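*Asks:* Hey, dropping final_5.pdb in here, PDB, C-alpha atoms and all ligand atoms:
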ATOM      1  CA  MET A1046    -145.072 128.035 -43.078
ATOM      2  CA  GLY A1047    -147.058 128.933 -39.983
ATOM      3  CA  GLU A1048    -145.227 130.997 -37.435
ATOM      4  CA  LYS A1049    -144.578 129.257 -34.126
ATOM      5  CA  THR A1050    -146.251 131.274 -31.368
ATOM      6  CA  ALA A1051    -144.407 131.553 -28.057
ATOM      7  CA  HIS A1052    -145.792 129.489 -25.212
ATOM      8  CA  GLN A1053    -147.545 131.812 -22.744
ATOM      9  CA  LYS A1054    -146.792 130.553 -19.246
ATOM     10  CA  ILE A1055    -149.743 130.211 -16.877
ATOM     11  CA  ALA A1056    -149.181 130.106 -13.103
ATOM     12  CA  LEU A1057    -151.629 129.469 -10.275
ATOM     13  CA  VAL A1058    -150.783 130.724  -6.781
ATOM     14  CA  THR A1059    -152.971 129.673  -3.843
ATOM     15  CA  GLY A1060    -153.544 132.071  -0.937
ATOM     16  CA  ALA A1061    -152.448 134.850  -3.252
ATOM     17  CA  ASN A1062    -154.479 137.823  -2.044
ATOM     18  CA  LYS A1063    -151.921 138.957   0.543
ATOM     19  CA  GLY A1064    -148.564 138.298   2.148
ATOM     20  CA  ILE A1065    -145.978 136.101   0.427
ATOM     21  CA  GLY A1066    -148.557 134.790  -2.065
ATOM     22  CA  ARG A1067    -149.223 138.276  -3.332
ATOM     23  CA  GLY A1068    -145.490 138.895  -3.611
ATOM     24  CA  ILE A1069    -145.170 135.719  -5.697
ATOM     25  CA  VAL A1070    -147.998 136.856  -7.973
ATOM     26  CA  GLU A1071    -146.373 140.239  -8.544
ATOM     27  CA  GLN A1072    -143.000 138.698  -9.411
ATOM     28  CA  LEU A1073    -144.373 135.993 -11.725
ATOM     29  CA  ALA A1074    -146.488 138.621 -13.505
ATOM     30  CA  ALA A1075    -143.414 140.849 -13.861
ATOM     31  CA  LEU A1076    -141.695 137.902 -15.593
ATOM     32  CA  GLY A1077    -144.493 137.930 -18.166
ATOM     33  CA  MET A1078    -146.524 134.986 -16.908
ATOM     34  CA  THR A1079    -150.310 135.003 -16.828
ATOM     35  CA  VAL A1080    -150.993 134.627 -13.117
ATOM     36  CA  LEU A1081    -154.114 133.160 -11.567
ATOM     37  CA  VAL A1082    -154.675 134.675  -8.136
ATOM     38  CA  GLY A1083    -156.175 131.947  -5.951
ATOM     39  CA  ALA A1084    -158.137 133.456  -3.075
ATOM     40  CA  ARG A1085    -160.938 132.112  -0.929
ATOM     41  CA  ASP A1086    -162.547 135.558  -0.837
ATOM     42  CA  PRO A1087    -163.317 136.473  -4.481
ATOM     43  CA  ARG A1088    -163.372 140.181  -3.695
ATOM     44  CA  ARG A1089    -159.864 140.157  -2.241
ATOM     45  CA  GLY A1090    -158.627 137.984  -5.091
ATOM     46  CA  GLU A1091    -160.022 140.437  -7.612
ATOM     47  CA  GLU A1092    -158.445 143.389  -5.755
ATOM     48  CA  THR A1093    -155.024 141.758  -6.045
ATOM     49  CA  ALA A1094    -155.527 140.775  -9.693
ATOM     50  CA  ALA A1095    -156.698 144.305 -10.546
ATOM     51  CA  ALA A1096    -153.642 145.843  -8.845
ATOM     52  CA  VAL A1097    -151.320 143.547 -10.829
ATOM     53  CA  ARG A1098    -153.103 144.437 -14.082
ATOM     54  CA  ALA A1099    -152.828 148.145 -13.212
ATOM     55  CA  ALA A1100    -149.056 147.611 -12.926
ATOM     56  CA  GLY A1101    -148.996 146.104 -16.430
ATOM     57  CA  GLY A1102    -149.212 142.397 -15.556
ATOM     58  CA  ASP A1103    -151.725 139.773 -16.628
ATOM     59  CA  ALA A1104    -153.591 138.455 -13.595
ATOM     60  CA  HIS A1105    -157.009 136.925 -12.992
ATOM     61  CA  ALA A1106    -158.744 136.028  -9.750
ATOM     62  CA  VAL A1107    -159.793 132.424  -9.136
ATOM     63  CA  THR A1108    -162.006 131.632  -6.163
ATOM     64  CA  LEU A1109    -160.170 128.877  -4.326
ATOM     65  CA  ASP A1110    -160.501 127.703  -0.756
ATOM     66  CA  VAL A1111    -158.036 124.809  -0.796
ATOM     67  CA  THR A1112    -160.117 122.923   1.784
ATOM     68  CA  ASP A1113    -163.244 123.085  -0.366
ATOM     69  CA  GLN A1114    -163.301 120.270  -2.925
ATOM     70  CA  ALA A1115    -166.015 122.004  -4.989
ATOM     71  CA  ASP A1116    -163.839 125.143  -5.234
ATOM     72  CA  VAL A1117    -160.823 123.026  -6.200
ATOM     73  CA  GLN A1118    -162.713 121.225  -8.983
ATOM     74  CA  GLU A1119    -164.256 124.463 -10.242
ATOM     75  CA  ALA A1120    -160.839 126.177 -10.304
ATOM     76  CA  ALA A1121    -159.368 123.311 -12.359
ATOM     77  CA  LYS A1122    -162.347 123.477 -14.725
ATOM     78  CA  GLN A1123    -161.861 127.212 -15.210
ATOM     79  CA  VAL A1124    -158.154 126.837 -15.962
ATOM     80  CA  GLU A1125    -158.950 123.993 -18.368
ATOM     81  CA  GLU A1126    -161.628 125.963 -20.226
ATOM     82  CA  ARG A1127    -159.776 129.255 -20.343
ATOM     83  CA  PHE A1128    -156.192 128.095 -21.006
ATOM     84  CA  GLY A1129    -156.167 124.301 -21.413
ATOM     85  CA  TYR A1130    -152.888 123.885 -19.492
ATOM     86  CA  LEU A1131    -150.949 125.064 -16.445
ATOM     87  CA  ASP A1132    -147.174 125.582 -16.204
ATOM     88  CA  VAL A1133    -146.633 126.546 -12.577
ATOM     89  CA  LEU A1134    -148.504 125.639  -9.405
ATOM     90  CA  ILE A1135    -147.516 127.381  -6.180
ATOM     91  CA  ASN A1136    -149.102 125.808  -3.122
ATOM     92  CA  ASN A1137    -148.722 128.844  -0.874
ATOM     93  CA  ALA A1138    -152.007 128.967   1.092
ATOM     94  CA  GLY A1139    -151.308 128.190   4.717
ATOM     95  CA  ILE A1140    -152.412 128.892   8.258
ATOM     96  CA  THR A1141    -150.566 128.722  11.566
ATOM     97  CA  GLY A1142    -153.672 127.799  13.526
ATOM     98  CA  SER A1143    -152.871 130.416  16.150
ATOM     99  CA  GLY A1144    -154.220 133.452  14.350
ATOM    100  CA  GLN A1145    -152.125 136.577  13.975
ATOM    101  CA  VAL A1146    -149.500 136.149  16.721
ATOM    102  CA  ALA A1147    -145.710 136.119  16.805
ATOM    103  CA  PRO A1148    -144.327 132.534  16.706
ATOM    104  CA  ASP A1149    -142.992 132.841  20.281
ATOM    105  CA  GLU A1150    -146.522 133.614  21.467
ATOM    106  CA  ALA A1151    -148.275 130.587  19.940
ATOM    107  CA  HIS A1152    -148.896 128.894  23.297
ATOM    108  CA  ASP A1153    -151.943 127.100  21.892
ATOM    109  CA  GLN A1154    -149.657 124.947  19.704
ATOM    110  CA  VAL A1155    -147.875 123.313  22.670
ATOM    111  CA  PRO A1156    -148.349 119.543  22.177
ATOM    112  CA  SER A1157    -149.550 118.454  25.631
ATOM    113  CA  SER A1158    -152.409 120.930  25.687
ATOM    114  CA  VAL A1159    -153.176 121.441  22.000
ATOM    115  CA  ASP A1160    -156.753 121.449  20.743
ATOM    116  CA  LEU A1161    -156.970 118.534  18.306
ATOM    117  CA  ALA A1162    -159.556 120.392  16.230
ATOM    118  CA  MET A1163    -156.972 123.111  15.624
ATOM    119  CA  VAL A1164    -154.360 120.543  14.564
ATOM    120  CA  ARG A1165    -156.888 119.027  12.148
ATOM    121  CA  ALA A1166    -157.729 122.440  10.684
ATOM    122  CA  VAL A1167    -154.055 123.243  10.140
ATOM    123  CA  PHE A1168    -153.397 119.920   8.405
ATOM    124  CA  GLU A1169    -156.576 120.351   6.344
ATOM    125  CA  THR A1170    -155.186 123.567   4.815
ATOM    126  CA  ASN A1171    -151.410 123.063   4.894
ATOM    127  CA  VAL A1172    -151.291 119.389   3.854
ATOM    128  CA  PHE A1173    -154.577 117.934   2.586
ATOM    129  CA  GLY A1174    -155.389 121.118   0.672
ATOM    130  CA  VAL A1175    -152.088 120.763  -1.170
ATOM    131  CA  ILE A1176    -152.925 117.190  -2.199
ATOM    132  CA  ALA A1177    -156.385 118.260  -3.382
ATOM    133  CA  VAL A1178    -155.147 121.215  -5.441
ATOM    134  CA  THR A1179    -152.103 119.414  -6.854
ATOM    135  CA  ASN A1180    -154.136 116.400  -7.969
ATOM    136  CA  ALA A1181    -156.808 118.585  -9.561
ATOM    137  CA  MET A1182    -154.179 120.584 -11.462
ATOM    138  CA  LEU A1183    -151.854 117.736 -12.462
ATOM    139  CA  PRO A1184    -153.682 116.846 -15.707
ATOM    140  CA  LEU A1185    -153.226 120.502 -16.738
ATOM    141  CA  LEU A1186    -149.601 120.628 -15.560
ATOM    142  CA  ARG A1187    -148.836 117.533 -17.637
ATOM    143  CA  ARG A1188    -149.741 119.537 -20.752
ATOM    144  CA  SER A1189    -146.999 122.083 -19.989
ATOM    145  CA  PRO A1190    -143.600 121.746 -21.649
ATOM    146  CA  ALA A1191    -141.906 122.578 -18.310
ATOM    147  CA  PRO A1192    -144.236 121.972 -15.361
ATOM    148  CA  ARG A1193    -143.119 123.207 -11.928
ATOM    149  CA  VAL A1194    -144.757 122.732  -8.523
ATOM    150  CA  VAL A1195    -143.524 124.686  -5.499
ATOM    151  CA  ASN A1196    -144.813 123.939  -2.016
ATOM    152  CA  VAL A1197    -144.337 126.784   0.445
ATOM    153  CA  SER A1198    -143.006 125.134   3.568
ATOM    154  CA  SER A1199    -140.982 126.664   6.419
ATOM    155  CA  HIS A1200    -137.703 126.316   8.299
ATOM    156  CA  ALA A1201    -140.007 125.115  11.116
ATOM    157  CA  ALA A1202    -140.565 121.980   8.971
ATOM    158  CA  SER A1203    -136.934 120.955   9.347
ATOM    159  CA  LEU A1204    -136.575 118.112  11.853
ATOM    160  CA  THR A1205    -132.806 118.711  11.852
ATOM    161  CA  LEU A1206    -133.158 122.374  12.809
ATOM    162  CA  THR A1207    -136.065 122.008  15.248
ATOM    163  CA  SER A1208    -134.572 119.010  17.122
ATOM    164  CA  ASP A1209    -131.340 120.854  17.940
ATOM    165  CA  PRO A1210    -131.662 122.131  21.542
ATOM    166  CA  ASP A1211    -128.812 124.575  20.928
ATOM    167  CA  GLY A1212    -129.914 125.644  17.468
ATOM    168  CA  PRO A1213    -131.526 128.897  16.354
ATOM    169  CA  PHE A1214    -135.007 127.358  16.486
ATOM    170  CA  ALA A1215    -134.774 126.362  20.149
ATOM    171  CA  VAL A1216    -136.438 129.673  20.970
ATOM    172  CA  LEU A1217    -139.641 128.592  19.218
ATOM    173  CA  LEU A1218    -142.441 127.242  21.377
ATOM    174  CA  PRO A1219    -143.021 123.514  20.789
ATOM    175  CA  SER A1220    -145.737 123.081  18.165
ATOM    176  CA  ALA A1221    -148.053 120.151  17.491
ATOM    177  CA  ALA A1222    -149.793 121.857  14.576
ATOM    178  CA  TYR A1223    -147.947 124.280  12.293
ATOM    179  CA  SER A1224    -144.447 122.813  12.444
ATOM    180  CA  PRO A1225    -145.533 119.150  11.931
ATOM    181  CA  SER A1226    -147.890 120.216   9.138
ATOM    182  CA  LYS A1227    -144.973 121.784   7.288
ATOM    183  CA  SER A1228    -142.806 118.698   7.932
ATOM    184  CA  ALA A1229    -145.616 116.661   6.357
ATOM    185  CA  LEU A1230    -145.658 119.078   3.432
ATOM    186  CA  THR A1231    -141.945 118.693   2.726
ATOM    187  CA  ALA A1232    -142.321 114.893   3.033
ATOM    188  CA  LEU A1233    -145.210 115.048   0.577
ATOM    189  CA  THR A1234    -143.094 117.160  -1.766
ATOM    190  CA  VAL A1235    -140.539 114.349  -2.004
ATOM    191  CA  GLN A1236    -143.235 111.752  -2.728
ATOM    192  CA  TYR A1237    -144.818 113.830  -5.510
ATOM    193  CA  ALA A1238    -141.373 114.546  -6.944
ATOM    194  CA  ASN A1239    -140.560 110.839  -6.978
ATOM    195  CA  GLU A1240    -143.793 109.992  -8.771
ATOM    196  CA  LEU A1241    -143.477 112.802 -11.314
ATOM    197  CA  ARG A1242    -139.713 112.770 -11.958
ATOM    198  CA  LYS A1243    -140.092 110.602 -15.075
ATOM    199  CA  ASP A1244    -142.675 113.056 -16.461
ATOM    200  CA  GLY A1245    -140.423 116.112 -16.134
ATOM    201  CA  VAL A1246    -142.523 117.746 -13.395
ATOM    202  CA  LEU A1247    -140.101 119.376 -10.938
ATOM    203  CA  VAL A1248    -141.554 119.488  -7.416
ATOM    204  CA  ASN A1249    -139.731 121.328  -4.626
ATOM    205  CA  ALA A1250    -140.402 122.746  -1.183
ATOM    206  CA  VAL A1251    -139.246 126.177  -0.113
ATOM    207  CA  ALA A1252    -138.683 127.954   3.180
ATOM    208  CA  PRO A1253    -139.308 131.654   2.512
ATOM    209  CA  GLY A1254    -137.656 132.846   5.736
ATOM    210  CA  PHE A1255    -139.218 134.930   8.497
ATOM    211  CA  VAL A1256    -141.418 137.324   6.523
ATOM    212  CA  ALA A1257    -143.507 140.147   7.989
ATOM    213  CA  THR A1258    -147.104 139.147   7.228
ATOM    214  CA  ASP A1259    -150.436 138.870   9.034
ATOM    215  CA  SER A1260    -149.528 135.246   9.908
ATOM    216  CA  ASN A1261    -146.923 136.419  12.453
ATOM    217  CA  ASN A1262    -148.469 139.789  13.267
ATOM    218  CA  HIS A1263    -145.796 141.405  11.085
ATOM    219  CA  THR A1264    -142.926 140.420  13.393
ATOM    220  CA  GLY A1265    -140.899 138.909  10.508
ATOM    221  CA  PHE A1266    -137.801 140.729   9.282
ATOM    222  CA  LEU A1267    -138.105 140.009   5.543
ATOM    223  CA  THR A1268    -140.506 141.703   3.144
ATOM    224  CA  ALA A1269    -143.095 139.688   1.223
ATOM    225  CA  ALA A1270    -141.061 140.367  -1.932
ATOM    226  CA  GLN A1271    -137.925 138.935  -0.299
ATOM    227  CA  GLY A1272    -139.846 135.862   0.872
ATOM    228  CA  ALA A1273    -141.339 135.410  -2.589
ATOM    229  CA  ALA A1274    -137.965 135.476  -4.352
ATOM    230  CA  ALA A1275    -136.941 131.935  -3.353
ATOM    231  CA  VAL A1276    -140.343 130.643  -4.437
ATOM    232  CA  VAL A1277    -140.098 132.333  -7.823
ATOM    233  CA  ARG A1278    -136.629 130.882  -8.358
ATOM    234  CA  LEU A1279    -138.017 127.344  -7.951
ATOM    235  CA  ALA A1280    -141.031 128.179 -10.134
ATOM    236  CA  THR A1281    -138.749 129.132 -12.999
ATOM    237  CA  LEU A1282    -136.198 126.287 -12.861
ATOM    238  CA  GLY A1283    -134.701 125.105 -16.116
ATOM    239  CA  ALA A1284    -135.035 121.504 -17.318
ATOM    240  CA  ASP A1285    -131.835 120.550 -15.451
ATOM    241  CA  GLY A1286    -133.143 122.008 -12.188
ATOM    242  CA  PRO A1287    -133.533 119.992  -8.991
ATOM    243  CA  THR A1288    -136.601 118.079  -7.880
ATOM    244  CA  ALA A1289    -137.484 116.603  -4.454
ATOM    245  CA  GLY A1290    -135.505 119.414  -2.816
ATOM    246  CA  PHE A1291    -136.047 121.758   0.116
ATOM    247  CA  PHE A1292    -134.536 125.206  -0.399
ATOM    248  CA  SER A1293    -134.305 128.702   1.001
ATOM    249  CA  GLU A1294    -132.607 131.731  -0.538
ATOM    250  CA  GLU A1295    -129.412 130.545   1.207
ATOM    251  CA  GLY A1296    -129.477 127.091  -0.460
ATOM    252  CA  SER A1297    -130.625 123.669   0.736
ATOM    253  CA  VAL A1298    -132.536 123.420   4.006
ATOM    254  CA  PRO A1299    -131.756 120.263   6.025
ATOM    255  CA  TRP A1300    -134.669 117.821   6.310
TER     256      TRP A1300
HETATM  257  P1  LIG B   1    -150.694 135.355   5.232
HETATM  258  O1  LIG B   1    -150.325 136.761   4.912
HETATM  259  O2  LIG B   1    -151.557 135.062   6.402
HETATM  260  O3  LIG B   1    -151.293 134.716   3.903
HETATM  261  C1  LIG B   1    -151.846 133.433   3.916
HETATM  262  C2  LIG B   1    -152.669 133.284   2.671
HETATM  263  O4  LIG B   1    -153.222 131.961   2.660
HETATM  264  C3  LIG B   1    -153.862 134.254   2.643
HETATM  265  O5  LIG B   1    -154.088 134.651   1.310
HETATM  266  C4  LIG B   1    -155.005 133.384   3.139
HETATM  267  O6  LIG B   1    -156.277 133.812   2.685
HETATM  268  C5  LIG B   1    -154.614 132.080   2.474
HETATM  269  N1  LIG B   1    -155.354 130.940   2.998
HETATM  270  C6  LIG B   1    -155.460 130.500   4.268
HETATM  271  N2  LIG B   1    -156.268 129.437   4.311
HETATM  272  C7  LIG B   1    -156.682 129.194   3.045
HETATM  273  C8  LIG B   1    -157.528 128.250   2.435
HETATM  274  N3  LIG B   1    -158.153 127.303   3.144
HETATM  275  N4  LIG B   1    -157.718 128.299   1.104
HETATM  276  C9  LIG B   1    -157.090 129.248   0.365
HETATM  277  N5  LIG B   1    -156.320 130.198   0.878
HETATM  278  C10 LIG B   1    -156.109 130.153   2.203
HETATM  279  O7  LIG B   1    -149.385 134.470   5.484
HETATM  280  P2  LIG B   1    -147.983 134.333   4.726
HETATM  281  O8  LIG B   1    -146.961 134.538   5.761
HETATM  282  O9  LIG B   1    -147.962 135.135   3.488
HETATM  283  O10 LIG B   1    -147.995 132.783   4.396
HETATM  284  C11 LIG B   1    -147.908 132.242   3.092
HETATM  285  C12 LIG B   1    -147.247 130.884   3.193
HETATM  286  O11 LIG B   1    -145.907 131.042   3.649
HETATM  287  C13 LIG B   1    -147.929 129.939   4.172
HETATM  288  O12 LIG B   1    -147.937 128.625   3.674
HETATM  289  C14 LIG B   1    -147.023 130.037   5.395
HETATM  290  O13 LIG B   1    -147.102 128.901   6.225
HETATM  291  C15 LIG B   1    -145.678 130.165   4.722
HETATM  292  N6  LIG B   1    -144.603 130.681   5.557
HETATM  293  C16 LIG B   1    -144.644 131.942   6.019
HETATM  294  C17 LIG B   1    -143.589 132.410   6.797
HETATM  295  C18 LIG B   1    -143.539 133.823   7.337
HETATM  296  O14 LIG B   1    -142.591 134.166   8.027
HETATM  297  N7  LIG B   1    -144.512 134.664   7.024
HETATM  298  C19 LIG B   1    -142.500 131.582   7.097
HETATM  299  C20 LIG B   1    -142.495 130.299   6.608
HETATM  300  C21 LIG B   1    -143.543 129.867   5.820
HETATM  301  P3  LIG B   1    -157.189 134.834   3.569
HETATM  302  O15 LIG B   1    -156.688 136.217   3.261
HETATM  303  O16 LIG B   1    -158.567 134.564   3.044
HETATM  304  O17 LIG B   1    -157.022 134.463   5.010
END
Show me the file's structure as structure tokens.

*Replies:*
Amino acid sequence: MGEKTAHQKIALVTGANKGIGRGIVEQLAALGMTVLVGARDPRRGEETAAAVRAAGGDAHAVTLDVTDQADVQEAAKQVEERFGYLDVLINNAGITGSGQVAPDEAHDQVPSSVDLAMVRAVFETNVFGVIAVTNAMLPLLRRSPAPRVVNVSSHAASLTLTSDPDGPFAVLLPSAAYSPSKSALTALTVQYANELRKDGVLVNAVAPGFVATDSNNHTGFLTAAQGAAAVVRLATLGADGPTAGFFSEEGSVPW
């Protein structure tokens, strides 16, 4: 009788060359997964993949600008040819639109004076890029025995939290770009989860917390590894795990 070989899990992380994405890559690799490091700059993707390999993990760079349909198709083709399936997709790539500033300094997000081109650019990456990558990878995810999709959202996506004038998020400047883009992402998460529930694909959104990265000029109080932990938990859910949820390390985040 032929011996049954163990299924080697393959994970793709977008925006994986730094910050939370890199933390996710390191943790998934430490769990024994083969991790594909999505990065729009191939050199920086390869640097991250090489560092993970040097630490004993299995990682490979994939050139992937989530707003570039040619990149998205080519990435799916490479995964198809090299592995033939995908187990985990982490849609982590994201931009604030304000560059590297603390959230309480993002004056250019204020709705009444926002530059519409900036709003479009933020939605292009944070929302439309997720649709493009997810749809390109879904045929490969469907070949996994336990497919998982995790969309990296934010507490700033929560309409409950951000509409409370006395709540902890009242200190944030009003935002017409980043915060609504993440609300759209959590909404999209629910719609994908609803479509894919019958196929066993678990799709969840996660708020990593306030993590010190370039995106907030390193004003966050969590490390990238701490921010990545909640993402990794949702990437490794068992068959009875939730879908269509929005979670942080502390539990459910209110919509
Ligand atoms: P970061 O250090 O700035 O990393 C963002 C990553 O996304 C980088 O690898 C960046 O690539 C990549 N990226 C941006 N646009 C892309 C595109 N079009 N195609 C592919 N990759 C792209 O920020 P981070 O804080 O780790 O953010 C990761 C995710 O967590 C984002 O979705 C963010 O909104 C979310 N988040 C962060 C926090 C926080 O406190 N840090 C809180 C809530 C949610 P380059 O290096 O080429 O720019």

*Asks:* In Å, with one decimal, what is the gap from atom CA of Ile1069 of chain A to atom CA of Gln1154 of chain A?

*Replies:*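 The value is 28.0 Å.
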
*Asks:* Counting all atoms listed in the file, figure out which residue out of A:Pro1225, A:Gly1102, A:Pro1156, A:Pro1148 gets nearest to Asn1171 of chain A.

*Replies:* A:Pro1225

*Asks:* Which residue, A:Asp1113, A:Glu1240, A:Asp1160, A:Glu1091, has the smallest gap to ligand LIG 1 (chain B) when you use only C-alpha atoms and all ligand atoms?

*Replies:*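 The answer is A:Asp1113, which sits nearest to ligand LIG 1 (chain B).
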
*Asks:* List the spatial neighbours of Leu1267 of chain A as a ChimeraX atom specification - criterion: any atom at most 9 Å away, all atoms listed in the file, same-chain residues fewer than 6 positions off excluded.

*Replies:* /A:1253-1257

*Asks:* Just checking: using all atoms listed in the file, which residue out of A:Phe1291, A:Phe1266, A:Tyr1237, A:Tyr1223 ends up closest to Ala1252 of chain A?

*Replies:*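 Result for the nearest residue to Ala1252 of chain A: A:Phe1291.
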
*Asks:* Could the residues that lie within 7 Å of ligand LIG 1 (chain B), counting only C-alpha atoms and all ligand atoms, be listed as a PyMOL selection string?

*Replies:* chain A and resi 1059-1066+1083-1086+1109-1112+1137-1141+1170-1171+1197-1200+1252-1261+1265

*Asks:* Where's the centre, and what are the edge lengths in Å to one decimal, of a box along x, y and z enclosing all listed atoms of segment 1183-1193 of chain A padded 6 Å per side, as JSON?

*Replies:*
{"center_x": -147.8, "center_y": 120.0, "center_z": -16.8, "size_x": 23.8, "size_y": 18.4, "size_z": 21.7}

*Asks:* Mind telling me what the PyMOL selection byres (((chain A and resi 1053) around 10) and not hetatm) catches here, as an MDAnalysis selection string?

*Replies:* chainID A and resid 1050:1052 1054:1056 1077:1079 1128 1131:1132

*Asks:* May I ask which of the residues A:Val1107, A:Leu1134, A:Ala1289, A:Ala1250 is the closest one to Leu1073 of chain A, counting only C-alpha atoms?

*Replies:*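 The closest residue to Leu1073 of chain A is A:Leu1134.
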
*Asks:* Taking the file as shown, what set of residues would the PyMOL selection byres (((chain A and resi 1195) around 9) and not hetatm) give back, as a list of chain:residue names?

*Replies:*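 That selection, the PyMOL selection byres (((chain A and resi 1195) around 9) and not hetatm), comes back as A:Val1133, A:Leu1134, A:Ile1135, A:Asn1136, A:Asn1137, A:Arg1193, A:Val1194, A:Asn1196, A:Val1197, A:Thr1234, A:Leu1247, A:Val1248, A:Asn1249, A:Ala1250, A:Val1251, A:Val1276, A:Val1277, A:Leu1279, A:Ala1280.
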
*Asks:* Would you please work out which residue, of A:Ile1176, A:Val1146, A:Leu1206, A:Ala1162, is nearest to His1263 of chain A when using all atoms listed in the file?

*Replies:*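 Of all the options, A:Val1146 lies closest to His1263 of chain A.
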
*Asks:* Please report the interatomic distance between atom CA of Ala1104 of chain A and atom CA of Leu1057 of chain A in Å with one decimal.

*Replies:*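 Interatomic distance here is 9.8 Å.
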
*Asks:* The PyMOL selection byres (((chain A and resi 1121-1126) around 9) and not hetatm) on the file shown: which residues, as a PyMOL selection string?

*Replies:* chain A and resi 1081+1107+1116-1120+1127-1131+1178+1181-1182+1185

*Asks:* Which residue is closest to Lys1243 of chain A? Choose from A:Arg1098, A:Arg1067, A:Arg1187, A:His1105 and count all atoms listed in the file.

*Replies:*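 Among the listed residues, the smallest separation from Lys1243 of chain A belongs to A:Arg1187.
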
*Asks:* What is the atom CA of Ala1106 of chain A-atom CA of Ala1094 of chain A distance in Å, reported with one decimal?

*Replies:* 5.7 Å

*Asks:* Reconstruct all heavy atoms of segment 1118-1123 of chain A from the incomplete input and present them as a PDB file, in the coordinates of the input.

*Replies:*
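Once written, part.pdb looks like this:
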ATOM      1  N   GLN A1118    -162.280 121.765  -7.679  1.00  0.00           N
ATOM      2  CA  GLN A1118    -162.713 121.225  -8.983  1.00  0.00           C
ATOM      3  C   GLN A1118    -163.103 122.349  -9.931  1.00  0.00           C
ATOM      4  O   GLN A1118    -162.775 122.328 -11.123  1.00  0.00           O
ATOM      5  CB  GLN A1118    -163.909 120.269  -8.806  1.00  0.00           C
ATOM      6  CG  GLN A1118    -163.566 118.975  -8.087  1.00  0.00           C
ATOM      7  CD  GLN A1118    -162.355 118.248  -8.675  1.00  0.00           C
ATOM      8  OE1 GLN A1118    -162.077 118.321  -9.860  1.00  0.00           O
ATOM      9  NE2 GLN A1118    -161.596 117.576  -7.836  1.00  0.00           N
ATOM     10  N   GLU A1119    -163.808 123.347  -9.410  1.00  0.00           N
ATOM     11  CA  GLU A1119    -164.256 124.463 -10.242  1.00  0.00           C
ATOM     12  C   GLU A1119    -163.044 125.267 -10.753  1.00  0.00           C
ATOM     13  O   GLU A1119    -163.023 125.698 -11.914  1.00  0.00           O
ATOM     14  CB  GLU A1119    -165.212 125.353  -9.434  1.00  0.00           C
ATOM     15  CG  GLU A1119    -165.749 126.567 -10.169  1.00  0.00           C
ATOM     16  CD  GLU A1119    -166.510 126.260 -11.456  1.00  0.00           C
ATOM     17  OE1 GLU A1119    -167.101 125.161 -11.555  1.00  0.00           O
ATOM     18  OE2 GLU A1119    -166.494 127.117 -12.377  1.00  0.00           O
ATOM     19  N   ALA A1120    -162.046 125.445  -9.882  1.00  0.00           N
ATOM     20  CA  ALA A1120    -160.839 126.177 -10.304  1.00  0.00           C
ATOM     21  C   ALA A1120    -160.137 125.435 -11.437  1.00  0.00           C
ATOM     22  O   ALA A1120    -159.721 126.036 -12.432  1.00  0.00           O
ATOM     23  CB  ALA A1120    -159.892 126.360  -9.118  1.00  0.00           C
ATOM     24  N   ALA A1121    -160.022 124.110 -11.310  1.00  0.00           N
ATOM     25  CA  ALA A1121    -159.368 123.311 -12.359  1.00  0.00           C
ATOM     26  C   ALA A1121    -160.162 123.404 -13.659  1.00  0.00           C
ATOM     27  O   ALA A1121    -159.585 123.526 -14.754  1.00  0.00           O
ATOM     28  CB  ALA A1121    -159.237 121.863 -11.904  1.00  0.00           C
ATOM     29  N   LYS A1122    -161.486 123.383 -13.535  1.00  0.00           N
ATOM     30  CA  LYS A1122    -162.347 123.477 -14.725  1.00  0.00           C
ATOM     31  C   LYS A1122    -162.144 124.823 -15.430  1.00  0.00           C
ATOM     32  O   LYS A1122    -162.042 124.898 -16.660  1.00  0.00           O
ATOM     33  CB  LYS A1122    -163.809 123.308 -14.269  1.00  0.00           C
ATOM     34  CG  LYS A1122    -164.800 123.152 -15.392  1.00  0.00           C
ATOM     35  CD  LYS A1122    -166.143 122.647 -14.843  1.00  0.00           C
ATOM     36  CE  LYS A1122    -167.244 123.006 -15.797  1.00  0.00           C
ATOM     37  NZ  LYS A1122    -168.149 124.041 -15.320  1.00  0.00           N
ATOM     38  N   GLN A1123    -162.053 125.872 -14.616  1.00  0.00           N
ATOM     39  CA  GLN A1123    -161.861 127.212 -15.210  1.00  0.00           C
ATOM     40  C   GLN A1123    -160.524 127.320 -15.933  1.00  0.00           C
ATOM     41  O   GLN A1123    -160.448 127.894 -17.018  1.00  0.00           O
ATOM     42  CB  GLN A1123    -161.924 128.284 -14.117  1.00  0.00           C
ATOM     43  CG  GLN A1123    -163.341 128.630 -13.700  1.00  0.00           C
ATOM     44  CD  GLN A1123    -163.358 129.681 -12.602  1.00  0.00           C
ATOM     45  OE1 GLN A1123    -162.439 130.487 -12.479  1.00  0.00           O
ATOM     46  NE2 GLN A1123    -164.392 129.660 -11.793  1.00  0.00           N
TER      47      GLN A1123
END
